[in-house]
file upload22.cif (mmCIF, C-alpha atoms)
data_upload
#
loop_
_atom_site.label_atom_id
_atom_site.label_comp_id
_atom_site.auth_asym_id
_atom_site.auth_seq_id
_atom_site.Cartn_x
_atom_site.Cartn_y
_atom_site.Cartn_z
CA MET K 236 2.09 8.36 -20.42
CA SER K 237 -1.42 7.26 -21.40
CA ASP K 238 -4.33 7.07 -18.95
CA SER K 239 -4.32 3.28 -18.81
CA ASP K 240 -0.53 3.22 -18.18
CA LEU K 241 -0.97 5.72 -15.37
CA GLY K 242 -3.81 3.68 -13.86
CA ARG K 243 -1.72 0.51 -14.01
CA LYS K 244 1.21 2.27 -12.36
CA TRP K 245 -0.99 3.51 -9.54
CA ASP K 246 -2.40 -0.01 -9.04
CA ARG K 247 1.11 -1.43 -8.94
CA CYS K 248 2.21 1.28 -6.54
CA LEU K 249 -0.68 0.68 -4.12
CA ALA K 250 -0.25 -3.11 -4.21
CA ASP K 251 3.47 -2.76 -3.57
CA THR K 252 2.81 -0.35 -0.67
CA VAL K 253 0.47 -2.85 0.97
CA VAL K 254 2.95 -5.70 0.54
CA LYS K 255 5.96 -3.77 1.81
CA LEU K 256 4.11 -2.25 4.75
CA GLY K 257 2.87 -5.69 5.78
CA THR K 258 6.31 -7.25 5.31
CA GLY K 259 8.03 -4.52 7.32
CA PHE K 260 5.43 -4.84 10.08
CA GLY K 261 5.80 -8.63 10.12
CA LEU K 262 9.58 -8.51 10.28
CA GLY K 263 9.28 -5.90 13.00
CA ILE K 264 7.11 -8.29 15.02
CA VAL K 265 9.64 -11.11 14.55
CA PHE K 266 12.58 -8.96 15.65
CA SER K 267 10.62 -7.45 18.52
CA LEU K 268 9.76 -10.91 19.85
CA THR K 269 13.20 -12.46 19.33
CA PHE K 270 15.73 -9.75 20.20
CA PHE K 271 14.06 -6.63 21.55
CA LYS K 272 11.93 -7.86 24.44
CA ARG K 273 8.54 -7.12 22.88
CA ARG K 274 9.16 -3.41 22.48
CA MET K 275 7.15 -1.35 20.02
CA TRP K 276 9.89 0.44 18.17
CA PRO K 277 10.94 -2.46 15.88
CA LEU K 278 7.37 -2.56 14.53
CA ALA K 279 7.41 1.17 13.85
CA PHE K 280 10.87 0.92 12.33
CA GLY K 281 9.93 -2.01 10.10
CA SER K 282 6.70 -0.36 8.94
CA GLY K 283 8.56 2.86 8.23
CA MET K 284 11.22 1.04 6.24
CA GLY K 285 8.56 -0.79 4.23
CA LEU K 286 6.75 2.46 3.47
CA GLY K 287 9.99 4.11 2.45
CA MET K 288 10.90 1.27 0.11
CA ALA K 289 7.44 1.34 -1.45
CA TYR K 290 7.66 5.13 -1.92
CA SER K 291 11.02 4.79 -3.58
CA ASN K 292 9.72 2.08 -5.94
CA CYS K 293 6.68 4.18 -6.83
CA GLN K 294 8.83 7.21 -7.49
CA HIS K 295 11.07 5.22 -9.78
CA ASP K 296 8.08 3.71 -11.55
CA PHE K 297 6.47 7.08 -12.24
CA GLN K 298 9.71 8.73 -13.32
CA ALA K 299 10.73 5.82 -15.54
CA PRO K 300 9.54 7.22 -18.93
CA TYR K 301 11.46 10.44 -18.30
CA LEU K 302 14.73 8.86 -17.24
CA LEU K 303 17.30 8.52 -19.97
CA HIS K 304 19.48 5.43 -19.95
CA GLY K 305 22.89 5.89 -21.48
CA LYS K 306 26.00 3.79 -21.91
CA TYR K 307 29.43 4.97 -20.93
CA VAL K 308 31.93 3.96 -23.59
CA LYS K 309 35.52 3.90 -22.36
CA GLU K 310 38.16 5.31 -24.65
CA GLN K 311 40.42 2.55 -25.89
CA PHE S 132 23.00 -15.80 28.41
CA SER S 133 22.09 -19.06 26.72
CA PRO S 134 23.85 -19.84 23.42
CA HIS S 135 21.13 -22.30 22.38
CA ARG S 136 18.44 -19.72 22.85
CA PHE S 137 20.44 -17.14 20.96
CA LEU S 138 20.98 -19.56 18.08
CA VAL S 139 17.28 -20.41 17.93
CA LYS S 140 16.31 -16.71 17.91
CA THR S 141 18.92 -15.92 15.26
CA GLY S 142 17.68 -18.82 13.19
CA ILE S 143 14.06 -17.65 13.40
CA ALA S 144 14.92 -14.04 12.57
CA GLY S 145 17.35 -14.91 9.81
CA GLY S 146 14.98 -17.49 8.35
CA SER S 147 12.12 -15.01 8.24
CA VAL S 148 14.33 -12.43 6.50
CA TYR S 149 15.45 -15.03 3.97
CA LEU S 150 11.84 -16.18 3.40
CA VAL S 151 10.73 -12.63 2.75
CA TYR S 152 13.60 -12.08 0.32
CA ASP S 153 12.92 -15.39 -1.45
CA LEU S 154 9.23 -14.57 -1.94
CA GLY S 155 10.20 -11.31 -3.65
CA LEU S 156 8.42 -9.14 -1.10
CA LEU S 157 11.31 -6.69 -0.86
CA GLY S 158 11.95 -6.37 -4.58
CA SER S 159 10.53 -4.13 -7.28
CA SER S 160 6.90 -2.95 -7.44
CA SER S 161 5.96 -5.55 -10.07
CA GLN S 162 7.28 -8.32 -7.82
CA GLY S 163 5.29 -6.91 -4.89
CA GLN S 164 2.15 -6.77 -7.02
CA ALA S 165 2.68 -10.37 -8.18
CA ALA S 166 3.15 -11.47 -4.55
CA LEU S 167 -0.10 -9.76 -3.53
CA ARG S 168 -1.94 -11.41 -6.41
CA ARG S 169 -0.56 -14.84 -5.38
CA ALA S 170 -1.69 -14.23 -1.79
CA GLN S 171 -5.18 -13.14 -2.93
CA GLU S 172 -5.53 -16.34 -4.94
CA SER S 173 -4.11 -18.76 -2.40
CA VAL S 174 -5.42 -17.49 0.96
CA PRO S 175 -9.20 -18.04 0.42
CA GLU S 176 -8.50 -21.49 -1.02
CA ALA S 177 -6.33 -22.41 1.98
CA LEU S 178 -8.96 -21.06 4.41
CA ASN S 179 -11.69 -23.14 2.76
CA ARG S 180 -9.53 -26.25 2.79
CA TYR S 181 -8.61 -25.87 6.46
CA SER S 182 -12.19 -25.05 7.50
CA ALA S 183 -13.37 -28.22 5.69
CA LEU S 184 -10.67 -30.25 7.46
CA PHE S 185 -11.59 -28.69 10.82
CA SER S 186 -15.30 -29.41 10.34
CA LYS S 187 -14.49 -33.00 9.33
CA GLN S 188 -12.33 -33.53 12.45
CA THR S 189 -14.56 -31.81 15.00
CA GLY S 190 -18.00 -31.96 13.40
CA ILE S 191 -18.46 -28.17 13.78
CA HIS S 192 -19.40 -26.66 10.45
CA ILE S 193 -17.68 -23.33 9.78
CA GLU S 194 -18.63 -21.30 6.77
CA ILE S 195 -16.34 -18.42 5.92
CA PRO S 196 -18.23 -15.72 3.99
CA SER S 197 -16.69 -14.60 0.71
CA VAL S 198 -14.97 -11.23 0.59
CA PRO S 199 -17.32 -8.62 -0.95
CA HIS S 200 -16.03 -7.16 -4.18
CA ILE S 201 -15.82 -3.40 -3.71
CA ASN S 202 -16.00 -1.60 -7.00
CA ILE S 203 -15.04 1.98 -6.12
CA SER S 204 -12.92 3.76 -8.67
CA LEU S 205 -10.74 6.04 -6.58
CA ARG S 206 -9.38 7.81 -9.62
CA ASP S 207 -12.86 8.67 -10.95
CA SER S 208 -14.02 9.88 -7.52
CA TRP S 209 -10.90 11.99 -7.11
CA ASN S 210 -11.16 13.47 -10.63
CA SER S 211 -14.85 14.32 -10.25
CA GLY S 212 -14.12 15.90 -6.85
CA ILE S 213 -11.37 18.06 -8.34
CA ASN S 214 -13.61 19.03 -11.28
CA SER S 215 -16.51 20.09 -9.06
CA LEU S 216 -14.16 21.99 -6.72
CA MET S 217 -12.56 23.90 -9.60
CA SER S 218 -15.88 24.68 -11.27
CA SER S 219 -17.32 26.00 -7.99
CA LEU S 220 -14.16 28.10 -7.43
CA SER S 221 -14.39 29.55 -10.94
CA ALA S 222 -18.09 30.37 -10.44
CA ALA S 223 -17.50 31.76 -6.92
CA PRO S 224 -16.85 35.47 -7.80
CA SER S 225 -20.03 35.82 -9.87
CA ALA S 226 -22.05 33.93 -7.24
CA ILE S 227 -20.68 36.18 -4.46
CA GLN S 228 -21.51 39.26 -6.55
CA LYS S 229 -25.02 38.01 -7.22
CA TYR S 230 -25.75 37.19 -3.56
CA SER S 231 -24.25 40.50 -2.35
CA ASN S 232 -26.46 42.43 -4.80
CA GLU S 233 -29.50 40.50 -3.64
CA GLY S 234 -28.60 41.12 0.00
CA TRP S 235 -27.99 44.82 -0.66
CA ASN S 236 -31.31 45.18 -2.51
CA TYR S 237 -33.08 43.36 0.33
CA LEU S 238 -31.56 45.74 2.88
CA LYS S 239 -32.48 48.77 0.74
CA GLY S 240 -36.03 47.41 0.44
CA MET S 241 -36.26 47.07 4.23
CA LYS S 242 -35.43 50.76 4.72
#
call {"tool": "encode", "arguments": {"input": "upload22.cif", "output": "structure tokens"}}
result
Amino acid sequence: MSDSDLGRKWDRCLADTVVKLGTGFGLGIVFSLTFFKRRMWPLAFGSGMGLGMAYSNCQHDFQAPYLLHGKYVKEQ
Amino acid sequence: FSPHRFLVKTGIAGGSVYLVYDLGLLGSSSQGQAALRRAQESVPEALNRYSALFSKQTGIHIEIPSVPHINISLRDSWNSGINSLMSSLSAAPSAIQKYSNEGWNYLKGMK
């Protein structure tokens, strides 16, 4: 992985983290207001889910050059 | 329990989940980056348009300052920090030896 590729991956990772954290927080606010009587835990849950999704995407992005993709050919 | 209220709440929650999915905010990292770029382009324009409309309606002139462009390279700062830390750690034994010798000689001189 070249330096510029690595830099681009980090940029993508940080942007995605911001988006997913904000989305999770926003959805947490919506669910807290509609179903859960303005409690705090849906916000924490949504933010945590967003962070987890972003971490998973970043991990996949950084591991991508080292993952081998194969095809399973069924015996006829 | 009011069924109308429940339906309205379900509609709002379900609609927001669908909107988020449709905008690609819960997809891959490239989709998230594209969504952030779209937001960065559209939000200042929308703010300017609405502030112009507001000032036209009310006569109060609002000027929203532009976001300052911060040009800090986190990677360069991190790399230079690591480099200086490692170089100081590698020079630490000789520096400790030098300062201990100087301290010892100073103490011997005092006697």
call {"tool": "interface_residues", "arguments": {"input": "upload22.cif", "of": "chain K", "to": "chain S", "cutoff": "6 Å", "atoms": "only C-alpha atoms", "output": "PyMOL selection string"}}
result
chain K and resi 247+250-251+269+292
call {"tool": "residues_around", "arguments": {"input": "upload22.cif", "residues": "K:Gly261", "least_positions_apart": "5", "cutoff": "9 Å", "atoms": "all atoms listed in the file", "output": "PyMOL selection string"}}
result
chain K and resi 256+266+278+281-282
call {"tool": "closest_residue", "arguments": {"input": "upload22.cif", "among": "S:Ile227, S:Met217, S:Leu154, S:Val198", "to": "S:Gln171", "atoms": "all atoms listed in the file"}}
result
S:Val198
